[in-house]
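Next comes target.txt, with compact mmCIF, C-alpha atoms.
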# COMPACT_ATOMS: atom_id res chain seq x y z
CA MET F 134 24.07 10.43 -132.69
CA ASN F 135 22.55 12.87 -135.13
CA ALA F 136 20.60 14.64 -132.37
CA LEU F 137 23.81 15.08 -130.44
CA LYS F 138 25.52 16.52 -133.47
CA CYS F 139 22.60 18.87 -134.10
CA ALA F 140 22.79 20.04 -130.50
CA LEU F 141 26.52 20.57 -130.89
CA ASP F 142 25.94 22.53 -134.08
CA ARG F 143 23.38 24.75 -132.42
CA TYR F 144 25.58 25.16 -129.36
CA GLY F 145 28.50 26.01 -131.64
CA ALA F 146 26.53 28.79 -133.28
CA VAL F 147 25.65 30.23 -129.85
CA VAL F 148 29.31 30.09 -128.84
CA GLY F 149 30.11 31.79 -132.12
CA LEU F 150 27.63 34.54 -131.39
CA VAL F 151 29.05 35.12 -127.89
CA LEU F 152 32.57 35.14 -129.33
CA LEU F 153 31.54 37.61 -132.03
CA ILE F 154 30.01 40.02 -129.50
CA ALA F 155 33.13 39.75 -127.33
CA LEU F 156 35.41 40.43 -130.30
CA ILE F 157 33.37 43.45 -131.43
CA THR F 158 33.11 45.18 -128.05
CA GLN F 159 35.62 47.90 -127.26
CA PRO F 160 37.73 46.56 -124.38
CA LEU F 161 38.68 43.25 -125.99
CA ARG F 162 38.97 44.70 -129.48
CA HIS F 163 41.34 47.43 -128.31
CA ALA F 164 43.33 45.02 -126.15
CA LEU F 165 43.78 42.64 -129.09
CA GLU F 166 44.70 45.42 -131.50
CA ALA F 167 47.24 46.99 -129.15
CA GLN F 168 49.84 44.44 -130.21
CA MET F 169 50.69 43.21 -133.69
CA SER F 170 50.86 39.57 -132.61
CA MET F 171 47.46 39.74 -130.93
CA HIS F 172 45.96 41.58 -133.89
CA MET F 173 47.27 39.37 -136.66
CA LEU F 174 47.52 35.98 -134.98
CA VAL F 175 44.85 35.94 -132.26
CA GLN F 176 42.14 38.31 -133.54
CA PHE F 177 42.31 37.17 -137.17
CA LEU F 178 42.19 33.52 -136.12
CA ALA F 179 39.38 34.14 -133.62
CA LEU F 180 37.30 35.85 -136.32
CA ILE F 181 37.82 32.95 -138.73
CA LEU F 182 36.85 30.47 -135.99
CA THR F 183 33.77 32.54 -135.14
CA GLY F 184 32.78 32.49 -138.81
CA MET F 185 33.12 28.70 -138.81
CA LEU F 186 30.97 28.36 -135.68
CA LEU F 187 28.31 30.75 -136.99
CA ALA F 188 28.08 28.86 -140.28
CA GLY F 189 26.79 25.95 -138.18
CA ALA F 190 23.52 27.85 -137.82
CA LEU F 191 22.81 27.38 -141.53
CA SER F 192 19.96 24.93 -142.15
CA ILE F 193 20.53 21.78 -144.17
CA LYS F 194 18.37 23.27 -146.91
CA ALA F 195 20.33 26.53 -147.00
CA ARG F 196 23.55 24.58 -147.12
CA ALA F 197 22.29 22.44 -149.99
CA GLN F 198 21.31 25.56 -151.91
CA LEU F 199 24.68 27.11 -151.16
CA ALA F 200 26.42 23.96 -152.40
CA GLN F 201 24.92 24.53 -155.85
CA TRP F 202 26.95 27.72 -156.09
CA ASN F 203 29.97 26.08 -154.53
CA ALA F 204 30.70 22.82 -156.36
CA HIS F 205 33.63 21.00 -154.76
CA GLY F 206 33.98 24.00 -152.46
CA ILE F 207 35.82 25.83 -155.23
CA ALA F 208 34.08 29.20 -154.88
CA GLY F 209 34.29 29.15 -151.08
CA LEU F 210 37.95 28.18 -150.91
CA THR F 211 38.86 30.72 -153.61
CA PHE F 212 37.13 33.38 -151.56
CA ALA F 213 38.90 32.25 -148.38
CA ALA F 214 42.30 32.23 -150.11
CA LEU F 215 41.76 35.74 -151.44
CA VAL F 216 40.69 37.08 -148.04
CA LEU F 217 43.77 35.52 -146.42
CA ALA F 218 46.00 37.05 -149.10
CA LEU F 219 44.54 40.51 -148.43
CA ALA F 220 44.95 39.96 -144.70
CA MET F 221 48.73 39.68 -145.22
CA ILE F 222 49.04 43.24 -146.58
CA PRO F 223 50.56 45.26 -143.72
CA ARG F 224 48.69 48.45 -144.60
CA LEU F 225 45.46 46.67 -143.62
CA LEU F 226 46.61 46.40 -139.99
CA ASP F 227 47.43 50.11 -139.74
CA LEU F 228 44.28 51.21 -141.57
CA ALA F 229 41.99 49.01 -139.45
CA LEU F 230 43.19 50.92 -136.38
CA VAL F 231 42.29 54.36 -137.71
CA ASP F 232 39.50 53.77 -140.24
CA ALA F 233 36.22 52.33 -138.93
CA HIS F 234 35.08 51.35 -142.44
CA VAL F 235 38.19 49.26 -143.01
CA GLU F 236 37.80 47.69 -139.57
CA PHE F 237 34.19 46.77 -140.39
CA VAL F 238 35.07 45.24 -143.76
CA LYS F 239 37.98 43.36 -142.14
CA PHE F 240 35.62 41.80 -139.57
CA ILE F 241 33.03 40.81 -142.19
CA ALA F 242 35.64 39.41 -144.59
CA LEU F 243 37.34 37.25 -141.95
CA LEU F 244 34.00 35.96 -140.61
CA LEU F 245 32.91 35.07 -144.16
CA CYS F 246 36.32 33.47 -144.72
CA GLY F 247 35.71 31.17 -141.74
CA ALA F 248 32.16 30.39 -142.87
CA ALA F 249 33.37 29.69 -146.42
CA LEU F 250 36.03 27.32 -145.09
CA ARG F 251 33.45 25.40 -143.10
CA VAL F 252 30.87 24.98 -145.86
CA SER F 253 33.50 24.20 -148.50
CA TRP F 254 36.14 22.07 -146.82
CA ARG F 255 34.50 18.66 -146.87
CA ASN F 256 33.06 19.11 -150.34
CA ALA F 257 36.45 20.09 -151.65
CA GLY F 258 38.16 16.71 -151.44
CA VAL F 259 41.87 16.18 -151.27
CA ILE F 260 42.76 17.73 -154.63
CA VAL F 261 40.96 21.06 -154.15
CA GLN F 262 42.05 21.18 -150.50
CA GLY F 263 45.62 20.59 -151.60
CA PHE F 264 45.39 23.29 -154.24
CA PHE F 265 43.96 25.74 -151.68
CA LEU F 266 46.63 24.98 -149.07
CA GLY F 267 49.31 24.91 -151.76
CA ASN F 268 48.46 28.52 -152.48
CA VAL F 269 47.69 29.85 -149.03
CA LEU F 270 50.45 28.24 -146.98
CA PRO F 271 53.47 29.23 -149.12
CA MET F 272 52.03 32.74 -149.32
CA MET F 273 51.74 32.84 -145.53
CA ALA F 274 55.27 31.50 -145.08
CA ILE F 275 56.71 34.02 -147.56
CA ALA F 276 54.80 36.90 -145.97
CA GLY F 277 56.07 35.66 -142.61
CA SER F 278 59.69 35.59 -143.71
CA LEU F 279 59.31 39.05 -145.28
CA TYR F 280 57.94 40.37 -141.98
CA GLU F 281 60.78 38.69 -140.15
CA THR F 282 63.60 39.99 -142.34
CA ALA F 283 62.28 43.46 -143.22
CA PRO F 284 64.86 46.01 -142.04
CA ALA F 285 62.17 48.61 -141.32
CA ARG F 286 58.77 48.47 -139.71
CA VAL F 287 55.95 47.58 -142.10
CA CYS F 288 53.29 48.87 -139.68
CA ASN F 289 53.58 52.35 -138.23
CA ALA F 290 51.51 51.31 -135.22
CA TYR F 291 53.62 48.32 -134.21
CA ARG F 292 57.17 47.71 -133.04
CA LEU F 293 59.91 46.09 -135.12
CA ASP F 294 60.63 43.29 -132.64
CA GLU F 295 56.94 42.35 -132.57
CA GLN F 296 56.86 42.31 -136.36
CA GLN F 297 59.80 39.89 -136.47
CA TRP F 298 58.09 37.63 -133.95
CA VAL F 299 54.81 37.69 -135.90
CA GLY F 300 56.77 36.81 -139.03
CA GLN F 301 58.32 33.79 -137.32
CA CYS F 302 54.92 32.68 -136.04
CA LEU F 303 53.30 32.99 -139.50
CA THR F 304 56.01 30.82 -141.01
CA ILE F 305 55.71 28.22 -138.24
CA VAL F 306 51.89 28.16 -138.40
CA ALA F 307 52.00 27.67 -142.18
CA GLY F 308 54.45 24.78 -141.75
CA CYS F 309 52.35 23.17 -139.00
CA ILE F 310 49.12 23.33 -141.01
CA ALA F 311 50.91 21.74 -143.98
CA VAL F 312 52.29 18.90 -141.83
CA VAL F 313 48.94 18.21 -140.12
CA TRP F 314 47.04 18.19 -143.40
CA LEU F 315 49.57 15.97 -145.15
CA ALA F 316 49.64 13.58 -142.18
CA ARG F 317 45.86 13.31 -142.32
CA VAL F 318 45.83 12.67 -146.05
CA PHE F 319 48.51 9.99 -145.77
CA TRP F 320 46.75 8.45 -142.79
CA ASN F 321 43.51 8.17 -144.73
CA MET F 322 45.34 6.79 -147.78
CA THR F 323 47.16 4.06 -145.88
CA ASP F 324 44.36 3.28 -143.46
CA LYS F 325 41.78 2.01 -145.92
CA GLN F 326 41.27 -1.13 -143.88
CA ARG F 327 39.58 0.89 -141.16
CA PRO F 328 36.34 2.30 -142.59
CA ALA F 329 35.37 3.75 -139.22
CA ALA F 330 38.37 6.08 -139.30
CA ALA F 331 37.60 7.13 -142.84
CA VAL F 332 33.96 7.85 -142.02
CA THR F 333 34.52 9.77 -138.78
CA PRO F 334 33.98 13.43 -139.70
CA ALA F 335 36.44 16.14 -138.74
CA PRO F 336 35.31 18.18 -135.70
CA PHE F 337 33.94 21.23 -137.46
CA HIS F 338 32.60 19.67 -140.61
CA PRO F 339 28.84 19.60 -141.30
CA PRO F 340 27.25 16.21 -141.87
CA ILE F 341 26.34 17.16 -145.40
CA ASN F 342 27.54 15.57 -148.61
CA ARG F 343 29.35 12.80 -146.83
CA GLU F 344 28.79 10.72 -149.96
CA ALA F 345 30.63 13.25 -152.12
CA VAL F 346 33.68 13.04 -149.91
CA GLU F 347 33.65 9.30 -149.80
CA ALA F 348 33.11 8.95 -153.53
CA PRO F 349 36.76 8.51 -154.52
CA ARG F 350 37.22 5.68 -152.04
CA SER F 351 36.53 2.01 -152.66
CA GLU F 352 33.02 0.73 -153.17
CA ALA F 353 32.94 -1.09 -149.85
CA ILE F 354 33.79 2.01 -147.83
CA HIS F 355 31.37 4.05 -149.89
CA ALA F 356 28.59 1.60 -149.12
CA ALA F 357 29.45 1.62 -145.43
CA ALA F 358 29.44 5.42 -145.38
CA THR F 359 26.04 5.80 -147.02
CA LYS F 360 24.69 3.06 -144.79
CA GLU F 361 25.86 4.83 -141.68
CA ALA F 362 24.51 8.15 -142.91
CA ARG F 363 21.15 6.49 -143.48
CA VAL F 364 21.20 4.86 -140.06
CA ALA F 365 22.21 8.11 -138.42
CA SER F 366 19.32 10.06 -139.91
CA MET E 643 28.97 24.40 -162.49
CA TRP E 644 28.51 27.81 -164.16
CA ARG E 645 27.11 29.07 -160.85
CA THR E 646 30.27 28.06 -159.04
CA ALA E 647 32.39 29.56 -161.80
CA SER E 648 30.54 32.88 -161.72
CA LEU E 649 30.72 33.06 -157.92
CA THR E 650 34.45 32.34 -158.08
CA VAL E 651 34.97 35.04 -160.69
CA LEU E 652 32.92 37.45 -158.58
CA ALA E 653 35.11 36.70 -155.55
CA ALA E 654 38.24 37.26 -157.64
CA LEU E 655 36.95 40.60 -158.95
CA LEU E 656 36.01 41.74 -155.44
CA ALA E 657 39.43 40.79 -154.14
CA TYR E 658 41.13 42.57 -157.05
CA ALA E 659 39.16 45.76 -156.37
CA ALA E 660 39.90 45.56 -152.64
CA SER E 661 43.62 44.97 -153.11
CA ALA E 662 43.90 47.70 -155.77
CA TRP E 663 42.32 50.13 -153.31
CA LEU E 664 44.37 48.92 -150.35
CA THR E 665 47.69 49.12 -152.20
CA MET E 666 46.83 52.32 -154.12
CA ASP E 667 46.94 50.50 -157.49
CA PHE E 668 49.66 48.13 -156.31
CA ASN E 669 52.10 50.94 -155.53
CA VAL E 670 52.36 50.61 -151.74
CA TRP E 671 52.05 47.81 -149.20
CA THR E 672 52.50 49.75 -145.97
CA ALA E 673 50.73 52.66 -144.31
CA GLU E 674 54.01 54.60 -144.49
CA GLY E 675 54.18 54.10 -148.25
CA ALA E 676 50.58 55.26 -148.56
CA ARG E 677 51.33 58.32 -146.43
CA ARG E 678 54.23 59.35 -148.68
CA LEU E 679 52.23 58.74 -151.87
CA HIS E 680 49.26 60.72 -150.52
CA VAL E 681 51.50 63.72 -149.77
CA ALA E 682 53.23 63.51 -153.16
CA ARG E 683 49.84 63.51 -154.87
CA ALA E 684 48.21 66.27 -152.80
CA LYS E 685 50.14 68.62 -150.52
CA VAL E 686 49.09 68.89 -146.88
CA PRO E 687 48.80 72.33 -145.25
CA ALA E 688 50.61 72.61 -141.92
CA PRO E 689 48.11 73.04 -139.06
CA SER E 690 48.13 76.11 -136.88
CA VAL E 691 50.21 75.00 -133.91
CA ALA E 692 52.07 77.15 -131.39
CA LEU E 693 55.76 76.18 -131.17
CA ARG E 694 58.49 77.21 -128.78
CA GLY E 695 62.20 76.48 -128.74
CA PRO E 696 65.59 78.20 -128.67
CA GLY E 697 64.88 81.50 -130.45
CA ILE E 698 61.45 80.36 -131.58
CA ASP E 699 58.07 81.52 -130.30
CA ALA E 700 55.65 81.32 -133.21
CA THR E 701 52.86 79.37 -134.81
CA LEU E 702 53.83 76.72 -137.28
CA PRO E 703 52.63 77.86 -140.69
CA ALA E 704 53.82 81.42 -140.03
CA LEU E 705 57.22 80.09 -139.02
CA LEU E 706 57.58 78.31 -142.34
CA LYS E 707 56.11 81.01 -144.58
CA ARG E 708 59.01 83.11 -145.65
CA ASP E 709 59.67 84.20 -149.22
CA GLY E 710 61.26 81.37 -151.12
CA GLN E 711 62.05 79.40 -147.99
CA VAL E 712 61.77 75.64 -148.04
CA THR E 713 62.02 73.75 -144.77
CA ILE E 714 63.03 70.15 -144.19
CA ILE E 715 61.39 68.97 -140.99
CA ASP E 716 62.04 65.88 -138.89
CA PHE E 717 60.29 64.68 -135.77
CA VAL E 718 62.49 63.58 -132.87
CA TYR E 719 62.73 63.31 -129.11
CA THR E 720 66.00 64.13 -127.42
CA ARG E 721 66.17 61.01 -125.23
CA CYS E 722 66.07 58.84 -128.35
CA THR E 723 69.07 56.59 -128.84
CA THR E 724 68.14 54.94 -132.11
CA VAL E 725 66.54 56.42 -135.19
CA CYS E 726 66.77 60.06 -134.02
CA LEU E 727 70.56 59.70 -133.90
CA ALA E 728 70.48 58.63 -137.54
CA LEU E 729 68.21 61.59 -138.29
CA GLY E 730 70.54 63.89 -136.34
CA SER E 731 73.55 62.83 -138.36
CA THR E 732 71.53 63.14 -141.57
CA PHE E 733 70.64 66.70 -140.59
CA GLN E 734 74.28 67.42 -139.70
CA GLN E 735 75.33 66.24 -143.16
CA MET E 736 72.64 68.32 -144.82
CA GLN E 737 73.75 71.34 -142.83
CA SER E 738 77.37 70.95 -143.90
CA THR E 739 76.36 70.23 -147.50
CA LEU E 740 74.35 73.44 -147.57
CA ALA E 741 77.20 75.40 -145.98
CA ALA E 742 79.74 74.01 -148.45
CA LEU E 743 77.78 74.91 -151.56
CA PRO E 744 79.83 76.76 -154.22
CA ARG E 745 79.41 80.53 -154.31
CA LEU E 746 77.02 80.44 -157.24
CA ASP E 747 74.53 78.26 -155.40
CA ARG E 748 74.91 80.01 -152.11
CA ALA E 749 72.24 82.55 -152.98
CA ALA E 750 69.71 79.77 -153.00
CA ALA E 751 71.18 77.88 -150.07
CA PRO E 752 69.95 80.04 -147.16
CA ARG E 753 66.45 79.45 -148.36
CA VAL E 754 66.64 75.78 -147.39
CA GLN E 755 66.05 75.59 -143.66
CA LEU E 756 66.16 72.66 -141.27
CA LEU E 757 63.70 72.26 -138.41
CA SER E 758 63.63 69.49 -135.82
CA ILE E 759 60.34 69.23 -133.94
CA SER E 760 60.17 67.29 -130.69
CA PHE E 761 57.06 65.21 -130.00
CA ASP E 762 58.06 64.88 -126.35
CA PRO E 763 57.49 68.47 -125.13
CA GLU E 764 57.15 67.40 -121.50
CA HIS E 765 60.78 66.36 -121.36
CA ASP E 766 62.14 68.51 -124.18
CA THR E 767 61.93 71.99 -122.69
CA THR E 768 63.54 74.91 -124.48
CA ALA E 769 66.68 74.48 -122.37
CA VAL E 770 66.92 70.76 -123.20
CA LEU E 771 66.44 71.53 -126.89
CA ALA E 772 69.16 74.19 -126.76
CA ALA E 773 71.61 71.74 -125.18
CA TYR E 774 70.64 69.08 -127.75
CA ALA E 775 71.19 71.54 -130.61
CA LYS E 776 74.60 72.48 -129.20
CA GLY E 777 75.54 68.80 -128.93
CA LEU E 778 74.75 68.35 -132.63
CA ASN E 779 76.69 71.52 -133.62
CA ALA E 780 73.55 72.98 -135.13
CA ASP E 781 73.95 76.37 -136.78
CA PRO E 782 70.99 78.38 -135.41
CA ALA E 783 70.76 80.35 -138.68
CA ARG E 784 70.11 77.14 -140.59
CA TRP E 785 68.91 74.43 -138.23
CA ARG E 786 66.38 75.20 -135.52
CA PHE E 787 64.68 73.14 -132.82
CA ALA E 788 61.16 73.47 -131.44
CA ALA E 789 58.39 71.66 -129.61
CA PRO E 790 54.62 72.24 -129.52
CA VAL E 791 53.50 74.40 -126.61
CA ASP E 792 50.51 72.25 -125.64
CA SER E 793 49.45 68.63 -126.13
CA ASP E 794 46.43 69.58 -128.29
CA GLY E 795 48.78 71.23 -130.75
CA LEU E 796 51.05 68.19 -130.67
CA THR E 797 48.15 65.83 -131.42
CA LYS E 798 46.96 68.08 -134.26
CA LEU E 799 50.43 68.34 -135.77
CA LEU E 800 51.14 64.59 -135.60
CA ALA E 801 47.70 63.83 -137.06
CA SER E 802 48.02 66.18 -140.05
CA PHE E 803 51.53 65.00 -140.94
CA GLU E 804 50.61 61.36 -140.12
CA VAL E 805 53.47 60.95 -137.68
CA VAL E 806 52.73 57.85 -135.58
CA VAL E 807 54.47 57.70 -132.21
CA ILE E 808 54.19 54.52 -130.12
CA PRO E 809 55.89 53.47 -126.88
CA ASP E 810 58.84 51.16 -127.57
CA GLY E 811 58.33 49.21 -124.36
CA MET E 812 61.59 50.49 -122.89
CA GLY E 813 60.46 53.94 -121.79
CA GLY E 814 61.13 55.52 -125.17
CA PHE E 815 59.20 55.82 -128.43
CA GLU E 816 59.18 54.30 -131.86
CA HIS E 817 58.10 56.59 -134.68
CA ASN E 818 57.98 56.70 -138.48
CA ALA E 819 61.05 58.85 -138.96
CA ALA E 820 61.36 60.66 -142.28
CA LEU E 821 62.40 63.92 -143.93
CA LEU E 822 59.37 66.16 -144.51
CA VAL E 823 59.80 68.87 -147.15
CA VAL E 824 57.55 71.89 -146.53
CA ASP E 825 57.29 74.68 -149.11
CA ALA E 826 57.14 78.46 -148.71
CA HIS E 827 53.36 78.37 -148.26
CA GLY E 828 53.63 76.04 -145.30
CA HIS E 829 52.45 73.01 -147.26
CA LEU E 830 53.96 69.58 -146.75
CA VAL E 831 54.80 68.61 -150.35
CA ARG E 832 56.97 65.50 -150.15
CA ILE E 833 58.20 62.94 -147.66
CA PHE E 834 61.60 61.28 -148.11
CA ASP E 835 63.11 58.39 -146.23
CA TYR E 836 65.90 59.55 -143.94
CA ALA E 837 68.30 57.45 -146.02
CA GLU E 838 67.41 59.59 -149.07
CA MET E 839 69.17 62.70 -147.84
CA GLU E 840 70.57 63.80 -151.21
CA ALA E 841 67.21 63.47 -152.90
CA ALA E 842 65.47 65.44 -150.15
CA LEU E 843 68.08 68.19 -150.30
CA ALA E 844 68.06 68.42 -154.09
CA TYR E 845 64.27 68.57 -154.10
CA ALA E 846 64.22 71.26 -151.42
CA GLN E 847 66.76 73.37 -153.32
CA TYR E 848 64.78 72.97 -156.53
CA LEU E 849 61.59 74.04 -154.74
CA SER E 850 63.28 77.08 -153.19
CA THR E 851 64.41 78.35 -156.60
CA GLN E 852 60.93 77.71 -158.01
CA SER E 853 59.18 79.60 -155.26
CA ALA E 854 61.58 82.54 -155.11
CA PRO E 855 59.64 85.81 -154.93
CA ALA E 856 59.01 87.69 -158.16
CA SER E 857 61.01 90.75 -157.01
CA GLN E 858 64.14 88.65 -156.50
CA LYS E 859 63.68 86.93 -159.82
CA ALA E 860 63.28 90.30 -161.54
CA ALA E 861 66.37 91.65 -159.79
CA GLY E 862 68.35 88.53 -160.74

Could you show the structure in this file as structure tokens?
Amino acid sequence: MNALKCALDRYGAVVGLVLLIALITQPLRHALEAQMSMHMLVQFLALILTGMLLAGALSIKARAQLAQWNAHGIAGLTFAALVLALAMIPRLLDLALVDAHVEFVKFIALLLCGAALRVSWRNAGVIVQGFFLGNVLPMMAIAGSLYETAPARVCNAYRLDEQQWVGQCLTIVAGCIAVVWLARVFWNMTDKQRPAAAVTPAPFHPPINREAVEAPRSEAIHAAATKEARVAS
Amino acid sequence: MWRTASLTVLAALLAYAASAWLTMDFNVWTAEGARRLHVARAKVPAPSVALRGPGIDATLPALLKRDGQVTIIDFVYTRCTTVCLALGSTFQQMQSTLAALPRLDRAAAPRVQLLSISFDPEHDTTAVLAAYAKGLNADPARWRFAAPVDSDGLTKLLASFEVVVIPDGMGGFEHNAALLVVDAHGHLVRIFDYAEMEAALAYAQYLSTQSAPASQKAAG
């Protein structure tokens, strides 16, 4: 079980590396940045995903050391929220097209944002996760509705109709993430009878600090979780 | 815990610095806003670009450098059916406002010139521009039309004035339309939205009185 997960983690990092090289190289980068929707929805998301995959290459030791600077994932999620807020400023899109420095910083920031999400999410627990999403999602929805209703173009390099469509998508994506997260939280709250479901990790979460996540749950589930972790290793 | 706190504070400070830079101290959110603020803070010299049009065969800065003359420039293409029409009617209104100035102000009025530059020189030949000008009832003494002679000049001109032209997906273009005020030295000094016609005109008139040649001032 653990060996399989390790293999998946390593494989994920390789996929991340391939994805990163593809995203950096000219043809794909230019194709993605030719349209506002591709730039803001596809490229941004792909970079965050790549960051998540690459963070899988971190060793258990490195992750444990990192966790000391990132109690409950607070530092990581704060960083991710701030990067996402900056990513909503329309000038960034225009500048990234003409200024190589801004483009470079944009890539690094979004990759780090993905990595920070991955190493912080599980440690965060429901309260910190909720606080993070409670900040990021309304901001995304408001930015989306501003994009949608703005009478003029906010990006000189992109068309007005595209901007309205991107705005709609941002609002919808924010709503969807909120619904999925809430559904998961409620599911876990009401499904306490099924420890297996509570213990099954989310797809992209590292197998670290499982105890910390399980801590708020009942003693029985906690015991089962630690037992399984011990058996797995 | 203090390590987490300090890392969080560091992230917040970094983000604050980045957003302050990106929004020019929280003044602008768009590239267009940044463009206008940049020009207002530091004027941009017009590049040397050969222009041709009805009654025009000159290079750009020379065309604009006349004693005390201030020029309001817009960028258009004659096939445009959207924002250029709005610009055209704005220019028509500015032309009639300038023509209707009371006698006292009329001395200053001729010094405010209007210039429409086409960024589609392939289609907008001198003949096309002349017909377009006639259609808009442009007074050639006040409102002139031109297009860059070659594509290098066009690229240079659009780059220096940060005019971004993109295909609109329907065979035309979308562009950041605005009113560009250029002073007697051929420097772009301020960019106004095309809805801010009165402000652009008032500013241009003010500039033209400021930059009137010393001989005229002495005579007056």

Can you tell me, as JSON, numbers by chain, what residues are no more than 10 Å from region 153-168 of chain F when counting only C-alpha atoms, ignoring any on the same chain fewer than 6 positions away? {"F": [147, 174, 175, 176, 177, 179, 180, 182, 183, 184, 186, 187, 226, 227, 229, 230, 237, 240, 244, 290, 291, 292, 295, 296]}

Please report as number ranges by chain which residues of chain E come no farther than 9 Å from chain F, using only C-alpha atoms. E: 643-651, 653-654, 657-658, 660-661, 664-665, 670-676, 805-811, 816-818

Take the selection from the previous step and output its residues with C-alpha atoms, as a PDB file, keeping the file's coordinate frame.
ATOM      1  CA  MET E 643      28.970  24.400-162.490  1.00  0.00           C
ATOM      2  CA  TRP E 644      28.510  27.810-164.160  1.00  0.00           C
ATOM      3  CA  ARG E 645      27.110  29.070-160.850  1.00  0.00           C
ATOM      4  CA  THR E 646      30.270  28.060-159.040  1.00  0.00           C
ATOM      5  CA  ALA E 647      32.390  29.560-161.800  1.00  0.00           C
ATOM      6  CA  SER E 648      30.540  32.880-161.720  1.00  0.00           C
ATOM      7  CA  LEU E 649      30.720  33.060-157.920  1.00  0.00           C
ATOM      8  CA  THR E 650      34.450  32.340-158.080  1.00  0.00           C
ATOM      9  CA  VAL E 651      34.970  35.040-160.690  1.00  0.00           C
ATOM     10  CA  ALA E 653      35.110  36.700-155.550  1.00  0.00           C
ATOM     11  CA  ALA E 654      38.240  37.260-157.640  1.00  0.00           C
ATOM     12  CA  ALA E 657      39.430  40.790-154.140  1.00  0.00           C
ATOM     13  CA  TYR E 658      41.130  42.570-157.050  1.00  0.00           C
ATOM     14  CA  ALA E 660      39.900  45.560-152.640  1.00  0.00           C
ATOM     15  CA  SER E 661      43.620  44.970-153.110  1.00  0.00           C
ATOM     16  CA  LEU E 664      44.370  48.920-150.350  1.00  0.00           C
ATOM     17  CA  THR E 665      47.690  49.120-152.200  1.00  0.00           C
ATOM     18  CA  VAL E 670      52.360  50.610-151.740  1.00  0.00           C
ATOM     19  CA  TRP E 671      52.050  47.810-149.200  1.00  0.00           C
ATOM     20  CA  THR E 672      52.500  49.750-145.970  1.00  0.00           C
ATOM     21  CA  ALA E 673      50.730  52.660-144.310  1.00  0.00           C
ATOM     22  CA  GLU E 674      54.010  54.600-144.490  1.00  0.00           C
ATOM     23  CA  GLY E 675      54.180  54.100-148.250  1.00  0.00           C
ATOM     24  CA  ALA E 676      50.580  55.260-148.560  1.00  0.00           C
ATOM     25  CA  VAL E 805      53.470  60.950-137.680  1.00  0.00           C
ATOM     26  CA  VAL E 806      52.730  57.850-135.580  1.00  0.00           C
ATOM     27  CA  VAL E 807      54.470  57.700-132.210  1.00  0.00           C
ATOM     28  CA  ILE E 808      54.190  54.520-130.120  1.00  0.00           C
ATOM     29  CA  PRO E 809      55.890  53.470-126.880  1.00  0.00           C
ATOM     30  CA  ASP E 810      58.840  51.160-127.570  1.00  0.00           C
ATOM     31  CA  GLY E 811      58.330  49.210-124.360  1.00  0.00           C
ATOM     32  CA  GLU E 816      59.180  54.300-131.860  1.00  0.00           C
ATOM     33  CA  HIS E 817      58.100  56.590-134.680  1.00  0.00           C
ATOM     34  CA  ASN E 818      57.980  56.700-138.480  1.00  0.00           C
TER      35      ASN E 818
END

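One distance worth recording is that between CA of Gly149 (chain F) and CA of Ala307 (chain F), which is 24.4 Å.
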
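With distances taken over all atoms listed in the file, E:Ala826 is the one residue among E:Ala692, E:Ala826, E:Ala844, E:Leu702 lying closest to Arg753 (chain E).
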
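Computed from the coordinates, the CA of Ser760 (chain E) to CA of Thr723 (chain E) distance equals 14.0 Å.
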
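What separates CA of His234 (chain F) from CA of Met173 (chain F) is a distance of 18.0 Å.
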
Considering only C-alpha atoms, return as a list in words whatever protein or nucleic-acid residues lie within 12 Å of region 768-771 of chain E, sequence-local ones (same chain, fewer than 6 positions apart) excluded. Leu693, Arg694, Gly695, Pro696, Gly697, Ile698, Asp699, Val718, Tyr719, Thr720, Arg721, Leu757, Ser758, Ile759, Ser760, Phe761, Asp762, Gly777, Leu778, Ala780, Pro782, Trp785, Arg786, Phe787, Ala788, Ala789, Pro790 and Val791 of chain E

With C-alpha atoms retained, write the just-selected residues as an mmCIF file, in the frame of the given file.
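again17.cif was written with the following content:
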data_model
loop_
_atom_site.group_PDB
_atom_site.id
_atom_site.type_symbol
_atom_site.label_atom_id
_atom_site.label_comp_id
_atom_site.auth_asym_id
_atom_site.auth_seq_id
_atom_site.Cartn_x
_atom_site.Cartn_y
_atom_site.Cartn_z
ATOM 1 C CA LEU E 693 55.760 76.180 -131.170
ATOM 2 C CA ARG E 694 58.490 77.210 -128.780
ATOM 3 C CA GLY E 695 62.200 76.480 -128.740
ATOM 4 C CA PRO E 696 65.590 78.200 -128.670
ATOM 5 C CA GLY E 697 64.880 81.500 -130.450
ATOM 6 C CA ILE E 698 61.450 80.360 -131.580
ATOM 7 C CA ASP E 699 58.070 81.520 -130.300
ATOM 8 C CA VAL E 718 62.490 63.580 -132.870
ATOM 9 C CA TYR E 719 62.730 63.310 -129.110
ATOM 10 C CA THR E 720 66.000 64.130 -127.420
ATOM 11 C CA ARG E 721 66.170 61.010 -125.230
ATOM 12 C CA LEU E 757 63.700 72.260 -138.410
ATOM 13 C CA SER E 758 63.630 69.490 -135.820
ATOM 14 C CA ILE E 759 60.340 69.230 -133.940
ATOM 15 C CA SER E 760 60.170 67.290 -130.690
ATOM 16 C CA PHE E 761 57.060 65.210 -130.000
ATOM 17 C CA ASP E 762 58.060 64.880 -126.350
ATOM 18 C CA GLY E 777 75.540 68.800 -128.930
ATOM 19 C CA LEU E 778 74.750 68.350 -132.630
ATOM 20 C CA ALA E 780 73.550 72.980 -135.130
ATOM 21 C CA PRO E 782 70.990 78.380 -135.410
ATOM 22 C CA TRP E 785 68.910 74.430 -138.230
ATOM 23 C CA ARG E 786 66.380 75.200 -135.520
ATOM 24 C CA PHE E 787 64.680 73.140 -132.820
ATOM 25 C CA ALA E 788 61.160 73.470 -131.440
ATOM 26 C CA ALA E 789 58.390 71.660 -129.610
ATOM 27 C CA PRO E 790 54.620 72.240 -129.520
ATOM 28 C CA VAL E 791 53.500 74.400 -126.610
#
